[in-house]
$ cat run00.cif   # mmCIF, C-alpha atoms
data_coords
#
loop_
_atom_site.group_PDB
_atom_site.id
_atom_site.type_symbol
_atom_site.label_atom_id
_atom_site.label_comp_id
_atom_site.auth_asym_id
_atom_site.auth_seq_id
_atom_site.Cartn_x
_atom_site.Cartn_y
_atom_site.Cartn_z
ATOM 1 C CA MET G 1187 83.076 102.534 10.387
ATOM 2 C CA ALA G 1188 85.500 101.133 12.971
ATOM 3 C CA SER G 1189 82.619 99.371 14.717
ATOM 4 C CA GLY G 1190 81.620 97.815 11.375
ATOM 5 C CA ILE G 1191 85.140 96.451 10.833
ATOM 6 C CA PHE G 1192 85.180 94.985 14.341
ATOM 7 C CA ALA G 1193 81.780 93.405 13.727
ATOM 8 C CA ILE G 1194 83.121 91.765 10.539
ATOM 9 C CA LEU G 1195 86.206 90.521 12.379
ATOM 10 C CA ASP G 1196 83.977 89.171 15.149
ATOM 11 C CA ASP G 1197 81.862 87.312 12.572
ATOM 12 C CA ILE G 1198 85.014 85.878 10.970
ATOM 13 C CA ALA G 1199 86.324 84.771 14.369
ATOM 14 C CA ALA G 1200 82.983 83.116 15.165
ATOM 15 C CA LEU G 1201 83.009 81.355 11.796
ATOM 16 C CA MET G 1202 86.568 80.105 12.309
ATOM 17 C CA ASP G 1203 85.629 78.850 15.777
ATOM 18 C CA ASP G 1204 82.676 76.950 14.293
ATOM 19 C CA VAL G 1205 84.927 75.591 11.552
ATOM 20 C CA ALA G 1206 87.479 74.350 14.111
ATOM 21 C CA VAL G 1207 84.828 72.589 16.201
ATOM 22 C CA MET G 1208 83.024 71.100 13.204
ATOM 23 C CA SER G 1209 86.315 70.019 11.597
ATOM 24 C CA LYS G 1210 87.122 67.920 14.674
ATOM 25 C CA VAL G 1211 83.689 66.282 14.517
ATOM 26 C CA ALA G 1212 83.934 65.593 10.780
ATOM 27 C CA ALA G 1213 87.523 64.321 11.053
ATOM 28 C CA LYS G 1214 86.505 61.895 13.807
ATOM 29 C CA LYS G 1215 83.636 60.561 11.685
ATOM 30 C CA THR G 1216 85.799 60.099 8.581
ATOM 31 C CA ALA G 1217 88.939 58.785 10.307
ATOM 32 C CA GLY G 1218 88.085 55.170 9.507
ATOM 33 C CA LEU G 1219 87.656 55.851 5.805
ATOM 34 C CA LEU G 1220 90.842 57.912 5.689
ATOM 35 C CA GLY G 1221 92.641 54.908 7.176
ATOM 36 C CA ASP G 1222 91.206 52.641 4.507
ATOM 37 C CA ASP G 1223 92.044 55.187 1.798
ATOM 38 C CA LEU G 1224 95.631 55.144 3.076
ATOM 39 C CA ALA G 1225 95.775 51.347 3.114
ATOM 40 C CA VAL G 1226 94.267 50.945 -0.349
ATOM 41 C CA ASN G 1227 96.540 53.471 -2.016
ATOM 42 C CA ALA G 1228 99.689 52.310 -0.239
ATOM 43 C CA GLU G 1229 98.997 48.856 -1.641
ATOM 44 C CA LYS G 1230 98.246 50.110 -5.164
ATOM 45 C CA ALA G 1231 101.338 52.349 -5.287
ATOM 46 C CA SER G 1232 103.707 49.628 -4.109
ATOM 47 C CA GLY G 1233 105.207 46.775 -6.113
ATOM 48 C CA PHE G 1234 106.663 48.936 -8.898
ATOM 49 C CA VAL G 1235 110.325 49.518 -9.574
ATOM 50 C CA SER G 1236 111.683 52.363 -7.489
ATOM 51 C CA ALA G 1237 111.798 54.887 -10.341
ATOM 52 C CA ARG G 1238 108.084 54.386 -11.134
ATOM 53 C CA GLU G 1239 106.537 54.510 -7.625
ATOM 54 C CA ILE G 1240 106.392 58.310 -7.293
ATOM 55 C CA PRO G 1241 105.160 58.946 -10.891
ATOM 56 C CA VAL G 1242 102.384 56.375 -10.355
ATOM 57 C CA LEU G 1243 101.477 57.915 -7.007
ATOM 58 C CA TRP G 1244 101.473 61.427 -8.504
ATOM 59 C CA ALA G 1245 99.128 60.289 -11.276
ATOM 60 C CA ILE G 1246 96.737 58.840 -8.665
ATOM 61 C CA THR G 1247 96.985 62.026 -6.583
ATOM 62 C CA LYS G 1248 96.017 64.208 -9.568
ATOM 63 C CA GLY G 1249 93.080 61.902 -10.234
ATOM 64 C CA SER G 1250 92.064 62.177 -6.583
ATOM 65 C CA LEU G 1251 92.108 65.985 -6.723
ATOM 66 C CA LEU G 1252 89.937 65.885 -9.846
ATOM 67 C CA ASN G 1253 87.543 63.546 -8.035
ATOM 68 C CA LYS G 1254 87.174 66.057 -5.203
ATOM 69 C CA LEU G 1255 86.548 68.917 -7.642
ATOM 70 C CA ILE G 1256 83.683 66.909 -9.141
ATOM 71 C CA ILE G 1257 82.219 65.626 -5.880
ATOM 72 C CA LEU G 1258 82.320 68.718 -3.638
ATOM 73 C CA PRO G 1259 80.031 71.068 -5.663
ATOM 74 C CA ILE G 1260 77.444 68.298 -6.160
ATOM 75 C CA ALA G 1261 77.511 67.428 -2.450
ATOM 76 C CA PHE G 1262 77.047 71.074 -1.404
ATOM 77 C CA LEU G 1263 74.121 71.522 -3.803
ATOM 78 C CA LEU G 1264 72.441 68.402 -2.431
ATOM 79 C CA SER G 1265 73.026 69.551 1.131
ATOM 80 C CA ALA G 1266 71.457 72.937 0.355
ATOM 81 C CA PHE G 1267 68.463 71.856 -1.756
ATOM 82 C CA LEU G 1268 67.915 68.118 -1.173
ATOM 83 C CA PRO G 1269 69.393 67.145 2.233
ATOM 84 C CA VAL G 1270 67.521 63.825 2.324
ATOM 85 C CA ALA G 1271 69.754 62.731 -0.559
ATOM 86 C CA ILE G 1272 72.743 62.881 1.805
ATOM 87 C CA THR G 1273 71.227 60.146 3.980
ATOM 88 C CA ILE G 1274 70.276 58.036 0.950
ATOM 89 C CA ILE G 1275 73.798 58.272 -0.479
ATOM 90 C CA LEU G 1276 75.212 57.456 2.968
ATOM 91 C CA LEU G 1277 73.162 54.245 3.142
ATOM 92 C CA ILE G 1278 74.099 53.229 -0.403
ATOM 93 C CA GLY G 1279 77.723 53.906 0.445
ATOM 94 C CA GLY G 1280 77.319 51.881 3.640
ATOM 95 C CA LEU G 1281 76.246 48.907 1.535
ATOM 96 C CA TYR G 1282 79.309 49.316 -0.687
ATOM 97 C CA LEU G 1283 81.739 49.706 2.224
ATOM 98 C CA GLY G 1284 80.309 46.665 3.976
ATOM 99 C CA TYR G 1285 80.570 44.699 0.730
ATOM 100 C CA GLU G 1286 84.185 45.765 0.193
ATOM 101 C CA GLY G 1287 85.131 44.839 3.758
ATOM 102 C CA ALA G 1288 83.398 41.448 3.491
ATOM 103 C CA GLU G 1289 85.029 40.819 0.110
ATOM 104 C CA LYS G 1290 88.485 41.497 1.567
ATOM 105 C CA ILE G 1291 87.846 39.022 4.384
ATOM 106 C CA TYR G 1292 86.469 36.428 1.950
ATOM 107 C CA TYR G 1293 89.447 36.709 -0.403
ATOM 108 C CA TYR G 1294 91.848 36.566 2.533
ATOM 109 C CA PHE G 1295 90.695 32.973 3.090
ATOM 110 C CA LYS G 1296 90.152 32.346 -0.628
ATOM 111 C CA PRO G 1297 92.810 34.425 -2.433
ATOM 112 C CA HIS G 1298 92.571 35.646 -6.030
ATOM 113 C CA GLN G 1299 94.491 33.397 -8.384
ATOM 114 C CA HIS G 1300 95.749 36.310 -10.498
ATOM 115 C CA SER G 1301 96.516 39.466 -8.585
ATOM 116 C CA LYS G 1302 97.757 42.721 -10.105
ATOM 117 C CA LYS G 1303 101.114 42.270 -8.391
ATOM 118 C CA GLU G 1304 101.557 38.848 -10.001
ATOM 119 C CA GLU G 1305 100.640 40.370 -13.354
ATOM 120 C CA LEU G 1306 103.178 43.153 -12.806
ATOM 121 C CA LYS G 1307 105.910 40.620 -12.113
ATOM 122 C CA LYS G 1308 105.184 38.724 -15.348
ATOM 123 C CA VAL G 1309 105.405 41.675 -17.746
ATOM 124 C CA GLU G 1310 108.789 42.372 -19.292
ATOM 125 C CA THR G 1311 108.723 45.099 -21.927
ATOM 126 C CA ARG G 1312 108.366 48.799 -21.130
ATOM 127 C CA LYS G 1313 105.113 48.891 -23.118
ATOM 128 C CA GLU G 1314 103.640 46.075 -21.011
ATOM 129 C CA ILE G 1315 104.759 47.719 -17.776
ATOM 130 C CA LEU G 1316 103.186 51.064 -18.744
ATOM 131 C CA ALA G 1317 99.948 49.288 -19.729
ATOM 132 C CA VAL G 1318 99.708 47.604 -16.322
ATOM 133 C CA GLU G 1319 100.569 50.885 -14.601
ATOM 134 C CA LYS G 1320 97.803 52.644 -16.507
ATOM 135 C CA GLU G 1321 95.304 49.975 -15.501
ATOM 136 C CA ARG G 1322 96.295 50.133 -11.831
ATOM 137 C CA ILE G 1323 96.206 53.932 -11.812
ATOM 138 C CA LYS G 1324 92.706 53.854 -13.320
ATOM 139 C CA SER G 1325 91.599 51.274 -10.733
ATOM 140 C CA ALA G 1326 93.057 53.375 -7.903
ATOM 141 C CA ILE G 1327 91.302 56.552 -9.118
ATOM 142 C CA VAL G 1328 87.949 54.754 -9.380
ATOM 143 C CA THR G 1329 88.355 53.392 -5.846
ATOM 144 C CA ASP G 1330 89.413 56.835 -4.670
ATOM 145 C CA PHE G 1331 86.271 58.339 -6.232
ATOM 146 C CA ILE G 1332 84.005 55.979 -4.294
ATOM 147 C CA LEU G 1333 85.879 56.521 -1.038
ATOM 148 C CA SER G 1334 85.935 60.286 -1.656
ATOM 149 C CA VAL G 1335 82.153 60.336 -2.096
ATOM 150 C CA GLU G 1336 81.769 58.554 1.229
ATOM 151 C CA ILE G 1337 84.296 60.789 3.005
ATOM 152 C CA VAL G 1338 82.540 63.939 1.760
ATOM 153 C CA ILE G 1339 79.030 62.629 2.513
ATOM 154 C CA ILE G 1340 79.982 61.347 5.973
ATOM 155 C CA ALA G 1341 81.658 64.676 6.743
ATOM 156 C CA LEU G 1342 78.531 66.514 5.572
ATOM 157 C CA GLY G 1343 76.299 64.180 7.553
ATOM 158 C CA ALA G 1344 78.306 64.890 10.701
ATOM 159 C CA ILE G 1345 77.743 68.667 10.407
ATOM 160 C CA VAL G 1346 74.401 68.759 8.611
ATOM 161 C CA THR G 1347 72.971 71.229 11.150
ATOM 162 C CA ALA G 1348 75.732 73.775 10.541
ATOM 163 C CA GLU G 1349 75.354 76.766 8.224
ATOM 164 C CA LEU G 1350 76.146 76.143 4.561
ATOM 165 C CA SER G 1351 79.228 78.391 4.665
ATOM 166 C CA THR G 1352 80.634 76.364 7.567
ATOM 167 C CA GLN G 1353 79.825 73.099 5.772
ATOM 168 C CA ILE G 1354 81.680 74.234 2.648
ATOM 169 C CA ILE G 1355 84.831 75.226 4.568
ATOM 170 C CA VAL G 1356 84.888 72.166 6.853
ATOM 171 C CA VAL G 1357 84.191 69.558 4.166
ATOM 172 C CA SER G 1358 86.712 71.189 1.815
ATOM 173 C CA ILE G 1359 89.336 70.943 4.574
ATOM 174 C CA ILE G 1360 88.514 67.260 5.128
ATOM 175 C CA ALA G 1361 88.669 66.633 1.362
ATOM 176 C CA LEU G 1362 92.081 68.335 1.172
ATOM 177 C CA ILE G 1363 93.362 66.248 4.082
ATOM 178 C CA ALA G 1364 92.005 63.149 2.358
ATOM 179 C CA THR G 1365 94.181 63.928 -0.657
ATOM 180 C CA VAL G 1366 97.318 65.743 0.493
ATOM 181 C CA GLY G 1367 97.579 64.025 3.877
ATOM 182 C CA VAL G 1368 96.808 60.502 2.716
ATOM 183 C CA TYR G 1369 98.946 60.550 -0.427
ATOM 184 C CA GLY G 1370 101.779 62.311 1.384
ATOM 185 C CA ILE G 1371 101.877 59.492 3.930
ATOM 186 C CA VAL G 1372 101.595 56.912 1.147
ATOM 187 C CA ALA G 1373 104.629 58.472 -0.560
ATOM 188 C CA LEU G 1374 106.633 58.089 2.647
ATOM 189 C CA ILE G 1375 105.498 54.490 3.089
ATOM 190 C CA VAL G 1376 106.328 53.298 -0.432
ATOM 191 C CA ARG G 1377 109.793 54.864 -0.191
ATOM 192 C CA MET G 1378 110.633 53.150 3.104
ATOM 193 C CA ASP G 1379 112.576 50.358 1.439
ATOM 194 C CA ASP G 1380 114.545 52.797 -0.763
ATOM 195 C CA ALA G 1381 115.509 54.831 2.293
ATOM 196 C CA GLY G 1382 116.541 51.601 3.964
ATOM 197 C CA TYR G 1383 118.729 50.507 1.021
ATOM 198 C CA GLN G 1384 120.433 53.905 0.969
ATOM 199 C CA LEU G 1385 121.229 53.667 4.675
ATOM 200 C CA ILE G 1386 122.674 50.182 4.138
ATOM 201 C CA GLU G 1387 124.835 51.362 1.210
ATOM 202 C CA LYS G 1388 126.185 54.330 3.177
ATOM 203 C CA SER G 1389 127.120 52.175 6.159
ATOM 204 C CA GLU G 1390 130.755 51.189 6.574
ATOM 205 C CA ASN G 1391 129.820 47.763 7.924
ATOM 206 C CA SER G 1392 126.709 45.688 8.539
ATOM 207 C CA ASN G 1393 126.868 46.189 12.323
ATOM 208 C CA GLN G 1394 126.500 49.961 12.191
ATOM 209 C CA PHE G 1395 123.250 51.453 13.485
ATOM 210 C CA LYS G 1396 122.503 52.913 10.035
ATOM 211 C CA ALA G 1397 122.762 49.487 8.434
ATOM 212 C CA LYS G 1398 120.581 47.851 11.074
ATOM 213 C CA PHE G 1399 117.975 50.603 10.800
ATOM 214 C CA GLY G 1400 118.088 50.330 7.011
ATOM 215 C CA ARG G 1401 117.409 46.590 7.152
ATOM 216 C CA LEU G 1402 114.573 47.288 9.571
ATOM 217 C CA LEU G 1403 112.958 49.720 7.103
ATOM 218 C CA VAL G 1404 113.293 47.255 4.216
ATOM 219 C CA ALA G 1405 111.806 44.404 6.256
ATOM 220 C CA ALA G 1406 109.056 46.606 7.703
ATOM 221 C CA LEU G 1407 107.528 47.801 4.394
ATOM 222 C CA PRO G 1408 105.517 44.651 3.508
ATOM 223 C CA LYS G 1409 104.412 44.323 7.145
ATOM 224 C CA VAL G 1410 103.245 47.951 7.200
ATOM 225 C CA ILE G 1411 101.269 47.414 3.976
ATOM 226 C CA LYS G 1412 99.634 44.276 5.393
ATOM 227 C CA GLY G 1413 98.949 45.990 8.711
ATOM 228 C CA LEU G 1414 97.299 48.955 6.997
ATOM 229 C CA SER G 1415 95.227 46.600 4.868
ATOM 230 C CA PHE G 1416 94.002 44.785 7.998
ATOM 231 C CA ILE G 1417 93.191 48.037 9.793
ATOM 232 C CA GLY G 1418 91.487 49.369 6.673
ATOM 233 C CA THR G 1419 89.251 46.278 6.435
ATOM 234 C CA ILE G 1420 88.159 46.655 10.070
ATOM 235 C CA ALA G 1421 87.554 50.356 9.453
ATOM 236 C CA LEU G 1422 85.361 49.607 6.418
ATOM 237 C CA LEU G 1423 83.045 47.383 8.453
ATOM 238 C CA LEU G 1424 82.972 49.812 11.384
ATOM 239 C CA VAL G 1425 82.101 52.768 9.157
ATOM 240 C CA SER G 1426 79.486 50.717 7.289
ATOM 241 C CA GLY G 1427 77.884 49.503 10.510
ATOM 242 C CA GLY G 1428 78.015 52.994 11.993
ATOM 243 C CA ILE G 1429 76.137 54.414 9.016
ATOM 244 C CA PHE G 1430 73.260 51.952 9.476
ATOM 245 C CA VAL G 1431 73.206 52.089 13.284
ATOM 246 C CA HIS G 1432 73.019 55.894 13.330
ATOM 247 C CA ASN G 1433 70.579 56.340 10.432
ATOM 248 C CA ILE G 1434 68.113 53.430 10.741
ATOM 249 C CA ASP G 1435 66.121 52.932 13.962
ATOM 250 C CA PHE G 1436 65.956 49.149 13.584
ATOM 251 C CA PHE G 1437 69.734 48.798 13.736
ATOM 252 C CA HIS G 1438 69.966 51.462 16.430
ATOM 253 C CA HIS G 1439 67.751 49.471 18.807
ATOM 254 C CA ILE G 1440 69.167 45.964 18.302
ATOM 255 C CA LEU G 1441 72.079 44.412 20.222
ATOM 256 C CA THR G 1442 71.901 47.235 22.779
ATOM 257 C CA PHE G 1443 73.784 45.086 25.311
ATOM 258 C CA LEU G 1444 76.944 45.223 23.172
ATOM 259 C CA PRO G 1445 79.532 48.037 23.184
ATOM 260 C CA SER G 1446 78.812 50.401 20.286
ATOM 261 C CA ILE G 1447 82.056 49.633 18.442
ATOM 262 C CA LEU G 1448 81.383 45.862 18.503
ATOM 263 C CA LYS G 1449 77.750 46.403 17.497
ATOM 264 C CA GLU G 1450 78.773 48.554 14.510
ATOM 265 C CA PHE G 1451 81.385 45.990 13.451
ATOM 266 C CA LEU G 1452 78.849 43.136 13.571
ATOM 267 C CA VAL G 1453 76.173 45.105 11.716
ATOM 268 C CA GLY G 1454 78.694 46.153 9.059
ATOM 269 C CA GLY G 1455 79.958 42.591 8.696
ATOM 270 C CA ILE G 1456 76.489 41.014 8.439
ATOM 271 C CA ILE G 1457 75.324 43.581 5.882
ATOM 272 C CA GLY G 1458 78.591 43.276 3.962
ATOM 273 C CA PHE G 1459 78.399 39.489 3.656
ATOM 274 C CA LEU G 1460 74.719 39.667 2.671
ATOM 275 C CA VAL G 1461 75.582 42.085 -0.144
ATOM 276 C CA LEU G 1462 78.569 39.938 -1.123
ATOM 277 C CA GLY G 1463 76.298 36.893 -1.302
ATOM 278 C CA VAL G 1464 73.732 38.716 -3.466
ATOM 279 C CA ILE G 1465 76.373 40.066 -5.862
ATOM 280 C CA SER G 1466 78.202 36.725 -6.100
ATOM 281 C CA GLY G 1467 74.904 34.952 -6.791
ATOM 282 C CA ALA G 1468 73.957 37.493 -9.459
ATOM 283 C CA LYS G 1469 77.350 37.057 -11.154
ATOM 284 C CA LYS G 1470 76.903 33.283 -11.281
ATOM 285 C CA ILE G 1471 73.429 33.662 -12.805
ATOM 286 C CA ILE G 1472 74.671 36.158 -15.417
ATOM 287 C CA ASN G 1473 77.699 34.048 -16.313
#

$ encode --input "run00.cif" --output "structure tokens"
Amino acid sequence: MASGIFAILDDIAALMDDVAVMSKVAAKKTAGLLGDDLAVNAEKASGFVSAREIPVLWAITKGSLLNKLIILPIAFLLSAFLPVAITIILLIGGLYLGYEGAEKIYYYFKPHQHSKKEELKKVETRKEILAVEKERIKSAIVTDFILSVEIVIIALGAIVTAELSTQIIVVSIIALIATVGVYGIVALIVRMDDAGYQLIEKSENSNQFKAKFGRLLVAALPKVIKGLSFIGTIALLLVSGGIFVHNIDFFHHILTFLPSILKEFLVGGIIGFLVLGVISGAKKIIN
């Protein structure tokens, strides 16, 4: 009986070792998307009055958890019974990520005339504010769903050769990090300016270190949001290009003279702008 217990413990230890190794692999593969997830949600949760930032973020977080509960079982079933679907979904997701990255670059040079932040500034009544909040929360949850699908599928694709039990544990860990970790960091980011204002108020004079650090936090928030948005856009194109380079032989064997990271960025960008062109053309025809 003792030998049986030790055998079970040995199996558990082996499983945990596999989980640790596979988690590192999956985390490395999904790091770019997690960065974009962070950038997107930091932007969507900012711009509200201080008292509404955390409630809005909490609503998005609950929606994100629900997304994971929907996505994970479906992904595990596909991995077990129809693994080819994982690759197909990866490629479809690669098209979307490339499109989103290209769209961000395009609208950087040709900005939207009516952004959600501008709309938020124009509303005055509590009813109008709550309506805009509801719309932005819904938009954030939809975006989170798409990114969550890609995070889960990319994580599964990175450990597709592992046993199903290991896949379930590893991908669930990555999904939890994608929610708790990302939204926890977002909460800290959107409260930077409030922390800064509090430090300024508690300072006896404007030359104190607390006051200077407080002003630094207030000034840094918009720069951090912009910086994350830039990094997230680069990450989108890199992840998109990586999906095609590693899953389609044609892309794998072109531009071999380039460093892999530059090759993946170029492939992601070219595919993204092609998809953007097709979608923009289709919209013009429909309208």

$ resolve_selection --input "run00.cif" --expression "the PyMOL selection byres ((chain G and resi 1240-1246) around 7)" --output "PyMOL selection string"
chain G and resi 1231+1238-1239+1247-1250+1323+1326-1327+1373

$ atom_distance --input "run00.cif" --atom1 "CA of Lys1313 in chain G" --atom2 "CA of Met1378 in chain G"
27.1 Å

$ resolve_selection --input "run00.cif" --expression "the PyMOL selection byres ((chain G and resi 1365-1368) around 8)" --output "PyMOL selection string"
chain G and resi 1220+1223-1224+1247+1250-1251+1361-1364+1369-1372

$ resolve_selection --input "run00.cif" --expression "the PyMOL selection byres ((chain G and resi 1281) around 10)" --output "PDB file with C-alpha atoms, keeping the file's coordinate frame"
ATOM      1  CA  ILE G1275      73.798  58.272  -0.479  1.00  0.00           C
ATOM      2  CA  LEU G1276      75.212  57.456   2.968  1.00  0.00           C
ATOM      3  CA  LEU G1277      73.162  54.245   3.142  1.00  0.00           C
ATOM      4  CA  ILE G1278      74.099  53.229  -0.403  1.00  0.00           C
ATOM      5  CA  GLY G1279      77.723  53.906   0.445  1.00  0.00           C
ATOM      6  CA  GLY G1280      77.319  51.881   3.640  1.00  0.00           C
ATOM      7  CA  TYR G1282      79.309  49.316  -0.687  1.00  0.00           C
ATOM      8  CA  LEU G1283      81.739  49.706   2.224  1.00  0.00           C
ATOM      9  CA  GLY G1284      80.309  46.665   3.976  1.00  0.00           C
ATOM     10  CA  TYR G1285      80.570  44.699   0.730  1.00  0.00           C
ATOM     11  CA  GLU G1286      84.185  45.765   0.193  1.00  0.00           C
ATOM     12  CA  LEU G1423      83.045  47.383   8.453  1.00  0.00           C
ATOM     13  CA  SER G1426      79.486  50.717   7.289  1.00  0.00           C
ATOM     14  CA  GLY G1427      77.884  49.503  10.510  1.00  0.00           C
ATOM     15  CA  ILE G1429      76.137  54.414   9.016  1.00  0.00           C
ATOM     16  CA  PHE G1430      73.260  51.952   9.476  1.00  0.00           C
ATOM     17  CA  GLY G1454      78.694  46.153   9.059  1.00  0.00           C
ATOM     18  CA  ILE G1457      75.324  43.581   5.882  1.00  0.00           C
ATOM     19  CA  GLY G1458      78.591  43.276   3.962  1.00  0.00           C
ATOM     20  CA  PHE G1459      78.399  39.489   3.656  1.00  0.00           C
ATOM     21  CA  LEU G1460      74.719  39.667   2.671  1.00  0.00           C
ATOM     22  CA  VAL G1461      75.582  42.085  -0.144  1.00  0.00           C
ATOM     23  CA  LEU G1462      78.569  39.938  -1.123  1.00  0.00           C
TER      24      LEU G1462
END

$ atom_distance --input "run00.cif" --atom1 "CA of Ser1415 in chain G" --atom2 "CA of Asp1380 in chain G"
21.1 Å

$ atom_distance --input "run00.cif" --atom1 "CA of Ser1358 in chain G" --atom2 "CA of Lys1324 in chain G"
23.8 Å

$ closest_residue --input "run00.cif" --among "G:Ser1334, G:Asn1473, G:Asn1433, G:Thr1273" --to "Val1357 in chain G" --atoms "only C-alpha atoms"
G:Ser1334

$ residues_around --input "run00.cif" --residues "Phe1395 in chain G" --least-positions-apart "5" --cutoff "12 Å" --atoms "all atoms listed in the file" --output "list of chain:residue names"
G:Gly1382, G:Leu1385, G:Ile1386, G:Lys1388, G:Ser1389, G:Glu1390, G:Gly1400, G:Arg1401, G:Leu1402
